[in-house]
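Participant: So here's structure-v8.pdb (PDB, C-alpha atoms).
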ATOM      1  CA  MET V 111       3.852  34.247  -5.339
ATOM      2  CA  PRO V 112       2.634  30.833  -4.076
ATOM      3  CA  VAL V 113       4.639  31.442  -0.897
ATOM      4  CA  ILE V 114       2.867  34.745  -0.310
ATOM      5  CA  ALA V 115      -0.487  33.081  -0.984
ATOM      6  CA  LEU V 116       0.274  30.294   1.487
ATOM      7  CA  VAL V 117       1.454  32.652   4.236
ATOM      8  CA  ALA V 118      -1.574  34.893   3.603
ATOM      9  CA  THR V 119      -3.944  31.919   3.836
ATOM     10  CA  ALA V 120      -2.424  30.711   7.097
ATOM     11  CA  THR V 121      -2.483  34.244   8.532
ATOM     12  CA  PHE V 122      -6.116  34.674   7.498
ATOM     13  CA  VAL V 123      -7.074  31.391   9.199
ATOM     14  CA  GLY V 124      -5.139  32.436  12.306
ATOM     15  CA  ILE V 125      -6.809  35.843  12.516
ATOM     16  CA  ALA V 126     -10.255  34.316  11.945
ATOM     17  CA  TYR V 127      -9.539  31.806  14.717
ATOM     18  CA  ARG V 128      -8.487  34.575  17.090
ATOM     19  CA  LEU V 129     -11.566  36.681  16.315
ATOM     20  CA  LEU V 130     -14.069  33.858  16.515
ATOM     21  CA  ARG V 131     -12.714  31.805  19.386
ATOM     22  CA  GLY V 132     -14.529  31.931  22.650
ATOM     23  CA  ARG V 133     -17.508  33.789  21.230
ATOM     24  CA  GLY V 134     -19.860  30.886  21.694
ATOM     25  CA  HIS V 135     -23.441  30.759  20.499
ATOM     26  CA  ARG V 136     -26.926  30.816  21.907
ATOM     27  CA  VAL V 137     -28.728  27.502  22.000
ATOM     28  CA  LEU V 138     -32.352  27.218  21.000
ATOM     29  CA  GLY V 139     -34.678  24.435  21.999
ATOM     30  CA  ARG V 140     -34.407  24.692  25.780
ATOM     31  CA  GLN V 141     -32.631  21.396  26.276
ATOM     32  CA  GLN V 142     -32.744  20.391  29.907
ATOM     33  CA  ILE V 143     -29.364  19.260  31.269
ATOM     34  CA  GLU V 144     -29.669  16.574  33.919
ATOM     35  CA  LEU V 145     -26.827  17.447  36.251
ATOM     36  CA  ARG V 146     -27.320  14.295  38.309
ATOM     37  CA  ARG V 147     -26.350  12.114  35.352
ATOM     38  CA  LEU V 148     -23.197  14.155  34.628
ATOM     39  CA  ARG V 149     -21.882  13.891  38.201
ATOM     40  CA  PRO V 150     -20.335  17.378  38.218
ATOM     41  CA  THR V 151     -17.956  18.560  40.905
ATOM     42  CA  LYS V 152     -17.365  21.814  42.723
ATOM     43  CA  ASN V 153     -13.877  22.198  44.208
ATOM     44  CA  GLY V 154     -13.367  18.483  43.776
ATOM     45  CA  ASN V 155     -16.566  17.413  45.557
ATOM     46  CA  LEU V 156     -19.675  16.055  43.847
ATOM     47  CA  SER V 157     -22.270  18.796  43.529
ATOM     48  CA  THR V 158     -25.417  19.380  41.511
ATOM     49  CA  GLU V 159     -26.057  22.807  42.991
ATOM     50  CA  LEU V 160     -27.760  25.046  40.429
ATOM     51  CA  GLY V 161     -27.105  28.766  40.570
ATOM     52  CA  LYS V 162     -30.116  30.888  41.485
ATOM     53  CA  GLN V 163     -29.832  32.670  38.163
ATOM     54  CA  ALA V 164     -27.162  30.905  36.144
ATOM     55  CA  THR V 165     -24.920  27.847  36.189
ATOM     56  CA  LEU V 166     -21.589  27.657  34.386
ATOM     57  CA  LEU V 167     -20.998  24.008  33.562
ATOM     58  CA  GLN V 168     -17.407  23.439  32.477
ATOM     59  CA  PHE V 169     -16.382  20.262  30.633
ATOM     60  CA  SER V 170     -12.700  19.507  31.126
ATOM     61  CA  THR V 171     -10.177  16.768  30.536
ATOM     62  CA  GLN V 172      -6.991  15.982  32.393
ATOM     63  CA  TYR V 173      -4.901  16.593  29.286
ATOM     64  CA  CYS V 174      -6.480  19.976  28.583
ATOM     65  CA  GLY V 175      -3.879  22.714  28.927
ATOM     66  CA  ARG V 176      -6.226  25.655  29.305
ATOM     67  CA  CYS V 177      -8.830  24.107  31.580
ATOM     68  CA  PRO V 178      -7.193  25.141  34.888
ATOM     69  CA  SER V 179      -7.023  28.841  33.966
ATOM     70  CA  VAL V 180     -10.642  28.815  32.753
ATOM     71  CA  ARG V 181     -11.620  27.039  35.970
ATOM     72  CA  ARG V 182     -10.060  29.873  37.991
ATOM     73  CA  GLN V 183     -11.713  32.477  35.786
ATOM     74  CA  LEU V 184     -15.181  30.959  36.210
ATOM     75  CA  ALA V 185     -14.698  30.294  39.919
ATOM     76  CA  GLN V 186     -13.914  33.978  40.286
ATOM     77  CA  LEU V 187     -17.165  34.896  38.505
ATOM     78  CA  GLU V 188     -18.980  32.562  40.890
ATOM     79  CA  SER V 189     -17.481  34.241  43.936
ATOM     80  CA  GLN V 190     -18.294  37.731  42.615
ATOM     81  CA  HIS V 191     -21.979  37.055  41.943
ATOM     82  CA  ALA V 192     -24.402  35.447  44.340
ATOM     83  CA  GLY V 193     -26.592  33.955  41.616
ATOM     84  CA  ILE V 194     -23.917  31.941  39.795
ATOM     85  CA  SER V 195     -22.816  28.383  40.383
ATOM     86  CA  HIS V 196     -19.711  26.978  38.677
ATOM     87  CA  LEU V 197     -19.587  23.202  38.192
ATOM     88  CA  GLU V 198     -17.068  21.060  36.387
ATOM     89  CA  VAL V 199     -17.406  17.725  34.592
ATOM     90  CA  ASP V 200     -14.265  15.705  33.872
ATOM     91  CA  ILE V 201     -14.836  13.831  30.610
ATOM     92  CA  THR V 202     -11.352  12.312  30.307
ATOM     93  CA  ASP V 203     -12.693   8.790  30.667
ATOM     94  CA  ARG V 204     -16.274   9.565  29.684
ATOM     95  CA  ILE V 205     -15.934  10.242  26.024
ATOM     96  CA  ASN V 206     -19.600   9.246  25.584
ATOM     97  CA  VAL V 207     -20.540  12.502  27.325
ATOM     98  CA  ALA V 208     -18.564  14.425  24.702
ATOM     99  CA  ALA V 209     -20.359  12.495  21.964
ATOM    100  CA  ARG V 210     -23.800  13.085  23.489
ATOM    101  CA  PHE V 211     -23.326  16.853  23.636
ATOM    102  CA  GLY V 212     -21.201  17.242  20.506
ATOM    103  CA  ILE V 213     -18.199  18.514  22.465
ATOM    104  CA  THR V 214     -15.144  18.717  20.206
ATOM    105  CA  GLN V 215     -12.738  20.557  22.464
ATOM    106  CA  THR V 216     -12.078  21.243  26.105
ATOM    107  CA  PRO V 217     -12.792  23.383  27.902
ATOM    108  CA  THR V 218     -16.373  23.655  26.685
ATOM    109  CA  ILE V 219     -18.703  25.758  28.816
ATOM    110  CA  PHE V 220     -22.468  25.384  29.013
ATOM    111  CA  LEU V 221     -24.467  28.259  30.456
ATOM    112  CA  LEU V 222     -27.619  26.957  32.117
ATOM    113  CA  ASN V 223     -30.536  29.073  33.292
ATOM    114  CA  ALA V 224     -32.283  28.675  36.640
ATOM    115  CA  LYS V 225     -34.271  25.723  35.273
ATOM    116  CA  SER V 226     -31.112  23.859  34.205
ATOM    117  CA  GLU V 227     -31.826  24.549  30.541
ATOM    118  CA  LEU V 228     -28.918  25.071  28.156
ATOM    119  CA  VAL V 229     -29.072  28.614  26.763
ATOM    120  CA  TYR V 230     -25.518  29.328  25.579
ATOM    121  CA  ARG V 231     -22.360  27.344  24.928
ATOM    122  CA  VAL V 232     -18.710  28.133  24.261
ATOM    123  CA  GLY V 233     -15.950  25.895  22.972
ATOM    124  CA  GLY V 234     -12.485  26.934  24.123
ATOM    125  CA  ILE V 235     -11.519  29.852  26.306
ATOM    126  CA  PRO V 236     -14.639  31.998  26.751
ATOM    127  CA  ASN V 237     -14.691  35.613  25.690
ATOM    128  CA  VAL V 238     -15.375  37.389  28.992
ATOM    129  CA  LEU V 239     -17.418  40.252  27.492
ATOM    130  CA  LYS V 240     -19.719  37.896  25.594
ATOM    131  CA  LEU V 241     -20.099  35.631  28.592
ATOM    132  CA  ASN V 242     -20.993  38.576  30.843
ATOM    133  CA  GLN V 243     -23.630  39.717  28.330
ATOM    134  CA  GLU V 244     -25.224  36.278  28.401
ATOM    135  CA  LEU V 245     -25.093  36.199  32.202
ATOM    136  CA  GLU V 246     -26.812  39.597  32.338
ATOM    137  CA  LYS V 247     -29.624  38.283  30.166
ATOM    138  CA  LEU V 248     -30.250  35.662  32.839
ATOM    139  CA  GLY V 249     -30.547  38.389  35.460
ATOM    140  CA  VAL V 250     -27.066  38.160  36.957
ATOM    141  CA  LYS V 251     -25.894  41.558  38.139
TER     142      LYS V 251
ATOM    143  CA  MET S 238       1.671   8.698  33.790
ATOM    144  CA  THR S 239       1.048  12.262  32.805
ATOM    145  CA  ALA S 240       3.932  14.394  31.627
ATOM    146  CA  LEU S 241       3.628  18.158  31.880
ATOM    147  CA  ILE S 242       5.477  20.503  29.577
ATOM    148  CA  ASP S 243       6.062  24.209  29.115
ATOM    149  CA  PRO S 244       3.391  25.139  26.532
ATOM    150  CA  ARG S 245       5.812  27.546  24.849
ATOM    151  CA  ALA S 246       8.229  24.721  23.988
ATOM    152  CA  PRO S 247       6.132  23.149  21.208
ATOM    153  CA  ARG S 248       5.327  26.611  19.819
ATOM    154  CA  PHE S 249       9.009  27.465  19.713
ATOM    155  CA  GLY S 250       9.706  24.240  17.810
ATOM    156  CA  ALA S 251       6.759  24.916  15.499
ATOM    157  CA  ALA S 252       8.227  28.304  14.565
ATOM    158  CA  ILE S 253      11.428  26.621  13.311
ATOM    159  CA  THR S 254       9.421  23.862  11.612
ATOM    160  CA  SER S 255       7.275  26.431   9.793
ATOM    161  CA  GLY S 256      10.451  28.159   8.548
ATOM    162  CA  ILE S 257      11.871  24.911   7.134
ATOM    163  CA  ALA S 258       8.505  24.008   5.599
ATOM    164  CA  ILE S 259       7.990  27.348   3.836
ATOM    165  CA  VAL S 260      11.503  27.309   2.346
ATOM    166  CA  GLY S 261      10.945  23.746   1.140
ATOM    167  CA  PHE S 262       7.512  24.656  -0.202
ATOM    168  CA  ALA S 263       8.888  27.636  -2.153
ATOM    169  CA  ASP S 264      11.395  25.375  -3.889
ATOM    170  CA  ALA S 265       8.985  22.462  -4.365
ATOM    171  CA  PHE S 266       6.494  24.775  -6.040
ATOM    172  CA  THR S 267       9.017  26.336  -8.420
ATOM    173  CA  SER S 268      12.203  24.477  -9.414
ATOM    174  CA  PHE S 269      11.615  21.333  -7.307
ATOM    175  CA  GLY S 270      15.355  21.122  -6.737
ATOM    176  CA  PRO S 271      17.604  19.960  -3.891
ATOM    177  CA  ILE S 272      16.259  22.519  -1.380
ATOM    178  CA  SER S 273      12.842  20.852  -1.203
ATOM    179  CA  THR S 274      14.547  17.455  -0.852
ATOM    180  CA  VAL S 275      16.702  18.668   2.030
ATOM    181  CA  ALA S 276      13.735  20.401   3.704
ATOM    182  CA  SER S 277      11.482  17.335   3.417
ATOM    183  CA  LEU S 278      14.114  14.969   4.781
ATOM    184  CA  THR S 279      15.051  17.377   7.588
ATOM    185  CA  LEU S 280      11.394  17.571   8.623
ATOM    186  CA  LEU S 281      11.120  13.786   8.452
ATOM    187  CA  VAL S 282      14.116  13.371  10.769
ATOM    188  CA  LEU S 283      12.817  16.050  13.177
ATOM    189  CA  PHE S 284       9.313  14.559  13.387
ATOM    190  CA  VAL S 285      10.586  10.986  13.776
ATOM    191  CA  TRP S 286      12.873  12.270  16.505
ATOM    192  CA  SER S 287      10.132  14.092  18.401
ATOM    193  CA  VAL S 288       7.692  11.192  18.153
ATOM    194  CA  PHE S 289      10.128   8.489  19.257
ATOM    195  CA  LEU S 290      12.826  10.241  21.298
ATOM    196  CA  PRO S 291      11.367  13.577  22.452
ATOM    197  CA  GLY S 292      13.776  13.742  25.398
ATOM    198  CA  SER S 293      16.840  14.316  23.230
ATOM    199  CA  HIS S 294      15.250  16.478  20.545
ATOM    200  CA  PRO S 295      17.342  19.432  19.275
ATOM    201  CA  TYR S 296      14.342  21.796  19.701
ATOM    202  CA  LYS S 297      14.328  20.892  23.367
ATOM    203  CA  PHE S 298      17.986  21.773  23.599
ATOM    204  CA  LEU S 299      17.471  25.100  21.777
ATOM    205  CA  PHE S 300      14.446  25.966  23.898
ATOM    206  CA  GLY S 301      16.542  25.208  26.983
ATOM    207  CA  LEU S 302      18.904  27.968  25.867
ATOM    208  CA  ILE S 303      16.224  30.663  25.625
ATOM    209  CA  ARG S 304      14.006  29.549  28.496
ATOM    210  CA  PRO S 305      16.078  31.274  31.211
ATOM    211  CA  ARG S 306      15.562  34.561  29.343
ATOM    212  CA  ILE S 307      11.778  34.331  29.080
ATOM    213  CA  GLY S 308      11.041  33.225  32.623
ATOM    214  CA  GLU S 309       8.693  30.635  34.055
ATOM    215  CA  PRO S 310       5.524  29.759  32.171
ATOM    216  CA  LYS S 311       2.215  30.789  33.733
ATOM    217  CA  GLU S 312       1.015  27.240  33.470
ATOM    218  CA  LEU S 313       2.235  23.828  32.425
ATOM    219  CA  GLU S 314       0.173  21.721  30.075
ATOM    220  CA  ASP S 315      -0.321  18.072  29.379
ATOM    221  CA  ALA S 316       2.110  16.612  26.869
ATOM    222  CA  ARG S 317      -0.397  14.290  25.183
ATOM    223  CA  PRO S 318      -2.171  16.622  22.708
ATOM    224  CA  PRO S 319       1.080  18.257  21.464
ATOM    225  CA  ARG S 320       2.692  14.831  21.220
ATOM    226  CA  PHE S 321      -0.238  13.675  19.138
ATOM    227  CA  ALA S 322       0.163  16.785  16.972
ATOM    228  CA  GLN S 323       3.761  15.695  16.302
ATOM    229  CA  GLN S 324       2.432  12.370  15.038
ATOM    230  CA  VAL S 325       0.164  14.245  12.641
ATOM    231  CA  GLY S 326       3.228  16.220  11.532
ATOM    232  CA  LEU S 327       5.136  12.975  11.022
ATOM    233  CA  PHE S 328       2.354  11.687   8.789
ATOM    234  CA  PHE S 329       2.749  14.711   6.504
ATOM    235  CA  ALA S 330       6.562  14.495   6.581
ATOM    236  CA  ILE S 331       6.311  10.854   5.463
ATOM    237  CA  THR S 332       3.904  11.954   2.735
ATOM    238  CA  ALA S 333       6.444  14.533   1.537
ATOM    239  CA  SER S 334       9.185  11.866   1.449
ATOM    240  CA  VAL S 335       6.957   9.492  -0.511
ATOM    241  CA  GLY S 336       6.439  12.395  -2.913
ATOM    242  CA  LEU S 337      10.219  12.651  -3.284
ATOM    243  CA  LEU S 338      10.505   8.928  -4.060
ATOM    244  CA  LEU S 339       7.771   9.237  -6.667
ATOM    245  CA  ALA S 340       9.373  12.436  -7.972
ATOM    246  CA  SER S 341       5.942  14.024  -7.552
ATOM    247  CA  GLN S 342       6.247  17.778  -7.273
ATOM    248  CA  SER S 343       2.608  18.224  -6.245
ATOM    249  CA  ILE S 344       2.699  15.669  -3.398
ATOM    250  CA  VAL S 345       5.826  17.278  -1.930
ATOM    251  CA  ALA S 346       4.442  20.807  -2.289
ATOM    252  CA  ILE S 347       1.052  19.938  -0.760
ATOM    253  CA  ALA S 348       2.560  17.999   2.160
ATOM    254  CA  LEU S 349       4.986  20.849   2.938
ATOM    255  CA  ALA S 350       2.125  23.358   2.672
ATOM    256  CA  PHE S 351       0.117  21.414   5.278
ATOM    257  CA  ILE S 352       3.121  21.219   7.616
ATOM    258  CA  PHE S 353       3.675  24.954   7.172
ATOM    259  CA  ILE S 354       0.043  25.909   7.899
ATOM    260  CA  ALA S 355      -0.201  23.721  11.013
ATOM    261  CA  ALA S 356       3.178  24.795  12.402
ATOM    262  CA  PHE S 357       2.605  28.468  11.582
ATOM    263  CA  LEU S 358      -0.812  28.555  13.291
ATOM    264  CA  ASN S 359       0.614  26.817  16.333
ATOM    265  CA  ALA S 360       3.655  29.086  16.597
ATOM    266  CA  PHE S 361       2.103  32.474  15.879
ATOM    267  CA  PHE S 362      -1.581  32.110  16.769
ATOM    268  CA  ASN S 363      -1.342  29.514  19.535
ATOM    269  CA  PHE S 364      -3.770  27.401  17.529
ATOM    270  CA  CYS S 365      -2.690  23.769  17.594
ATOM    271  CA  LEU S 366      -4.699  21.959  14.907
ATOM    272  CA  GLY S 367      -3.350  18.559  15.885
ATOM    273  CA  CYS S 368      -4.269  19.150  19.531
ATOM    274  CA  GLN S 369      -7.811  20.092  18.501
ATOM    275  CA  MET S 370      -8.081  16.817  16.631
ATOM    276  CA  TYR S 371      -7.066  14.870  19.726
ATOM    277  CA  LEU S 372     -10.425  14.975  21.529
ATOM    278  CA  VAL S 373     -12.386  14.527  18.301
ATOM    279  CA  LEU S 374     -10.403  11.427  17.357
ATOM    280  CA  LYS S 375     -10.626  10.121  20.897
ATOM    281  CA  ARG S 376     -14.370  10.377  20.564
ATOM    282  CA  PHE S 377     -14.234   8.078  17.595
ATOM    283  CA  GLY S 378     -12.236   5.616  19.644
ATOM    284  CA  LEU S 379      -9.004   5.858  17.697
ATOM    285  CA  PHE S 380      -6.864   5.687  20.796
ATOM    286  CA  SER S 381      -6.576   2.896  23.271
ATOM    287  CA  LYS S 382      -7.164   3.732  26.903
ATOM    288  CA  GLY S 383      -4.431   5.681  28.598
ATOM    289  CA  ASN S 384      -2.994   7.072  25.393
TER     290      ASN S 384
END
Could you show the structure in this file as structure tokens?
Facilitator:
Amino acid sequence: MPVIALVATATFVGIAYRLLRGRGHRVLGRQQIELRRLRPTKNGNLSTELGKQATLLQFSTQYCGRCPSVRRQLAQLESQHAGISHLEVDITDRINVAARFGITQTPTIFLLNAKSELVYRVGGIPNVLKLNQELEKLGVK
Amino acid sequence: MTALIDPRAPRFGAAITSGIAIVGFADAFTSFGPISTVASLTLLVLFVWSVFLPGSHPYKFLFGLIRPRIGEPKELEDARPPRFAQQVGLFFAITASVGLLLASQSIVAIALAFIFIAAFLNAFFNFCLGCQMYLVLKRFGLFSKGN
């Protein structure tokens, strides 16, 4: 019986993780993100270019296994929609940035509106459907 | 120096680890006989091995046998978070062995249960608890630079 209970517990945690991961949550309070201070890059070059409607700000580390595939996924979104800008911040050696924004895992994605305000954030691999819904709310078609 | 590994390798090892841990746990919880002793010591040896000599680890050898059948991975990943996860595993394996020395059934059972949960989630749900802890602990400055 204890074995069944243990396996059931672990399975329950695993299923909950799978269902909840990448869902993200909306952020209240309209916190302005100062891109200049974060020194984000686009395709390896410094860039603080905000998207006309939305900016996907990806926090990555060099040791993060899933960051490259998320980078490709978000870069594809950027190329499909004129109003989106995808920027990346490498926090490998800037752990203070993680502390300031309460980032506990990479990738973490911040969705910024046209005024560079944080409206939605996701830890881990983003759920594409949820992310698209949030992008639509910002007027991205 | 950044080593890259096939992300399926640690999950493959975790599947075997979870099997050993659950068998040991079943015995530790009931009769607390030789099976839980063997399981705890086996896990201790395996975790010590993977933390200190990962290059010659038996899991690596076994994974090398099945890798040609499952093809190339889509992506390689950094070895640091999974390596750190092995250190977390080692901590619990040591705890289980201390439990054996103290003849404490509950310490052995709890330590094996933790090893099982972490290894099971990693193997079957691709959820590496130890890896998740890596960035959090780094934030609290528990690692020196370059680790």
Participant: At what distance in Å, to one decimal, does CA of Val238 in chain V lie from CA of Cys177 in chain V?
Facilitator: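 Spanning CA of Cys177 in chain V to CA of Val238 in chain V is a straight-line distance of 15.0 Å.
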Participant: So the first atom is CA of Gln141 in chain V and the second is CA of Asn237 in chain V; what is the distance between them in Å, to one decimal place?
Facilitator: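 Computing the Euclidean distance for CA of Gln141 in chain V and CA of Asn237 in chain V yields 22.9 Å.
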Participant: What residues in chain V lie within 12 Å of chain S, counting all atoms listed in the file, written as an MDAnalysis selection string?
Facilitator: chainID V and resid 111:129 131 170:180 201:218 233:235
Participant: The PyMOL selection byres ((chain S and resi 326) around 10) on the file shown: which residues, as a PDB file with C-alpha atoms, in the frame of the given file?
Facilitator:
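Output file part.pdb is given in full below:
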ATOM      1  CA  THR S 254       9.421  23.862  11.612  1.00  0.00           C
ATOM      2  CA  LEU S 280      11.394  17.571   8.623  1.00  0.00           C
ATOM      3  CA  LEU S 281      11.120  13.786   8.452  1.00  0.00           C
ATOM      4  CA  LEU S 283      12.817  16.050  13.177  1.00  0.00           C
ATOM      5  CA  PHE S 284       9.313  14.559  13.387  1.00  0.00           C
ATOM      6  CA  VAL S 285      10.586  10.986  13.776  1.00  0.00           C
ATOM      7  CA  SER S 287      10.132  14.092  18.401  1.00  0.00           C
ATOM      8  CA  VAL S 288       7.692  11.192  18.153  1.00  0.00           C
ATOM      9  CA  ARG S 320       2.692  14.831  21.220  1.00  0.00           C
ATOM     10  CA  PHE S 321      -0.238  13.675  19.138  1.00  0.00           C
ATOM     11  CA  ALA S 322       0.163  16.785  16.972  1.00  0.00           C
ATOM     12  CA  GLN S 323       3.761  15.695  16.302  1.00  0.00           C
ATOM     13  CA  GLN S 324       2.432  12.370  15.038  1.00  0.00           C
ATOM     14  CA  VAL S 325       0.164  14.245  12.641  1.00  0.00           C
ATOM     15  CA  LEU S 327       5.136  12.975  11.022  1.00  0.00           C
ATOM     16  CA  PHE S 328       2.354  11.687   8.789  1.00  0.00           C
ATOM     17  CA  PHE S 329       2.749  14.711   6.504  1.00  0.00           C
ATOM     18  CA  ALA S 330       6.562  14.495   6.581  1.00  0.00           C
ATOM     19  CA  ILE S 331       6.311  10.854   5.463  1.00  0.00           C
ATOM     20  CA  THR S 332       3.904  11.954   2.735  1.00  0.00           C
ATOM     21  CA  ALA S 348       2.560  17.999   2.160  1.00  0.00           C
ATOM     22  CA  LEU S 349       4.986  20.849   2.938  1.00  0.00           C
ATOM     23  CA  PHE S 351       0.117  21.414   5.278  1.00  0.00           C
ATOM     24  CA  ILE S 352       3.121  21.219   7.616  1.00  0.00           C
ATOM     25  CA  PHE S 353       3.675  24.954   7.172  1.00  0.00           C
ATOM     26  CA  ALA S 355      -0.201  23.721  11.013  1.00  0.00           C
ATOM     27  CA  ALA S 356       3.178  24.795  12.402  1.00  0.00           C
ATOM     28  CA  GLY S 367      -3.350  18.559  15.885  1.00  0.00           C
TER      29      GLY S 367
END
Participant: Looking at V:Glu188, V:Glu198, V:Glu227, V:Glu246, which one is nearest to Thr151 in chain V, with distances taken over only C-alpha atoms?
Facilitator: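 So, comparing all the options, the nearest one is V:Glu198.
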Participant: Pull the neighbourhood of (-25.2, 15.3, 38.8) for me: all residues within 9 Å in file coordinates, counting only C-alpha atoms, as a PyMOL selection string.
Facilitator: chain V and resi 144-151+156-159
Participant: CA of Leu130 in chain V to CA of Arg248 in chain S: how many Å, to one decimal?
Facilitator: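 It comes out at 21.0 Å.
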Participant: Could you give me the centre and size, in Å to one decimal, of an axis-aligned box around all listed atoms of range 144-151 of chain V with 6 Å added on every side, as JSON?
Facilitator:
{"center_x": -23.8, "center_y": 15.3, "center_z": 37.4, "size_x": 23.7, "size_y": 18.4, "size_z": 19.0}
Participant: What does the PyMOL selection byres ((chain V and resi 162) around 10) select in this file, as number ranges by chain?
Facilitator: V: 159-161, 163-165, 192-195, 223-225, 248-250
Participant: Selected by the PyMOL selection byres ((chain S and resi 250) around 8) in the shown coordinates: which residues, as a ChimeraX atom specification?
Facilitator: /S:246-249,251-254,296-297,300,360
Participant: Where atoms are missing, can you supply N, CA, C and O atoms for range 257-271 of chain S and output the lot as a PDB file, in the frame of the given file?
Facilitator:
ATOM      1  N   ILE S 257      11.334  25.945   8.035  1.00  0.00           N
ATOM      2  CA  ILE S 257      11.871  24.911   7.134  1.00  0.00           C
ATOM      3  C   ILE S 257      10.830  24.555   6.076  1.00  0.00           C
ATOM      4  O   ILE S 257      11.140  24.425   4.887  1.00  0.00           O
ATOM      5  N   ALA S 258       9.564  24.435   6.523  1.00  0.00           N
ATOM      6  CA  ALA S 258       8.505  24.008   5.599  1.00  0.00           C
ATOM      7  C   ALA S 258       8.263  25.045   4.503  1.00  0.00           C
ATOM      8  O   ALA S 258       8.066  24.689   3.343  1.00  0.00           O
ATOM      9  N   ILE S 259       8.295  26.332   4.848  1.00  0.00           N
ATOM     10  CA  ILE S 259       7.990  27.348   3.836  1.00  0.00           C
ATOM     11  C   ILE S 259       9.127  27.453   2.810  1.00  0.00           C
ATOM     12  O   ILE S 259       8.874  27.634   1.615  1.00  0.00           O
ATOM     13  N   VAL S 260      10.369  27.292   3.281  1.00  0.00           N
ATOM     14  CA  VAL S 260      11.503  27.309   2.346  1.00  0.00           C
ATOM     15  C   VAL S 260      11.399  26.114   1.393  1.00  0.00           C
ATOM     16  O   VAL S 260      11.539  26.245   0.172  1.00  0.00           O
ATOM     17  N   GLY S 261      11.104  24.942   1.965  1.00  0.00           N
ATOM     18  CA  GLY S 261      10.945  23.746   1.140  1.00  0.00           C
ATOM     19  C   GLY S 261       9.794  23.888   0.164  1.00  0.00           C
ATOM     20  O   GLY S 261       9.897  23.523  -1.013  1.00  0.00           O
ATOM     21  N   PHE S 262       8.686  24.474   0.656  1.00  0.00           N
ATOM     22  CA  PHE S 262       7.512  24.656  -0.202  1.00  0.00           C
ATOM     23  C   PHE S 262       7.839  25.578  -1.380  1.00  0.00           C
ATOM     24  O   PHE S 262       7.470  25.297  -2.530  1.00  0.00           O
ATOM     25  N   ALA S 263       8.546  26.680  -1.089  1.00  0.00           N
ATOM     26  CA  ALA S 263       8.888  27.636  -2.153  1.00  0.00           C
ATOM     27  C   ALA S 263       9.651  26.943  -3.272  1.00  0.00           C
ATOM     28  O   ALA S 263       9.373  27.138  -4.450  1.00  0.00           O
ATOM     29  N   ASP S 264      10.594  26.077  -2.890  1.00  0.00           N
ATOM     30  CA  ASP S 264      11.395  25.375  -3.889  1.00  0.00           C
ATOM     31  C   ASP S 264      10.585  24.278  -4.583  1.00  0.00           C
ATOM     32  O   ASP S 264      10.671  24.103  -5.795  1.00  0.00           O
ATOM     33  N   ALA S 265       9.774  23.544  -3.777  1.00  0.00           N
ATOM     34  CA  ALA S 265       8.985  22.462  -4.365  1.00  0.00           C
ATOM     35  C   ALA S 265       8.016  23.008  -5.405  1.00  0.00           C
ATOM     36  O   ALA S 265       7.756  22.376  -6.427  1.00  0.00           O
ATOM     37  N   PHE S 266       7.493  24.208  -5.137  1.00  0.00           N
ATOM     38  CA  PHE S 266       6.494  24.775  -6.040  1.00  0.00           C
ATOM     39  C   PHE S 266       7.126  25.307  -7.330  1.00  0.00           C
ATOM     40  O   PHE S 266       6.477  25.332  -8.364  1.00  0.00           O
ATOM     41  N   THR S 267       8.392  25.734  -7.237  1.00  0.00           N
ATOM     42  CA  THR S 267       9.017  26.336  -8.420  1.00  0.00           C
ATOM     43  C   THR S 267       9.965  25.360  -9.122  1.00  0.00           C
ATOM     44  O   THR S 267       9.557  24.647 -10.030  1.00  0.00           O
ATOM     45  N   SER S 268      11.231  25.282  -8.666  1.00  0.00           N
ATOM     46  CA  SER S 268      12.203  24.477  -9.414  1.00  0.00           C
ATOM     47  C   SER S 268      12.212  23.008  -9.010  1.00  0.00           C
ATOM     48  O   SER S 268      12.720  22.159  -9.728  1.00  0.00           O
ATOM     49  N   PHE S 269      11.630  22.698  -7.822  1.00  0.00           N
ATOM     50  CA  PHE S 269      11.615  21.333  -7.307  1.00  0.00           C
ATOM     51  C   PHE S 269      13.036  20.756  -7.334  1.00  0.00           C
ATOM     52  O   PHE S 269      13.288  19.676  -7.856  1.00  0.00           O
ATOM     53  N   GLY S 270      13.946  21.517  -6.743  1.00  0.00           N
ATOM     54  CA  GLY S 270      15.355  21.122  -6.737  1.00  0.00           C
ATOM     55  C   GLY S 270      15.773  20.528  -5.405  1.00  0.00           C
ATOM     56  O   GLY S 270      14.948  20.011  -4.650  1.00  0.00           O
ATOM     57  N   PRO S 271      17.072  20.583  -5.112  1.00  0.00           N
ATOM     58  CA  PRO S 271      17.604  19.960  -3.891  1.00  0.00           C
ATOM     59  C   PRO S 271      17.096  20.591  -2.590  1.00  0.00           C
ATOM     60  O   PRO S 271      17.030  19.906  -1.567  1.00  0.00           O
TER      61      PRO S 271
END
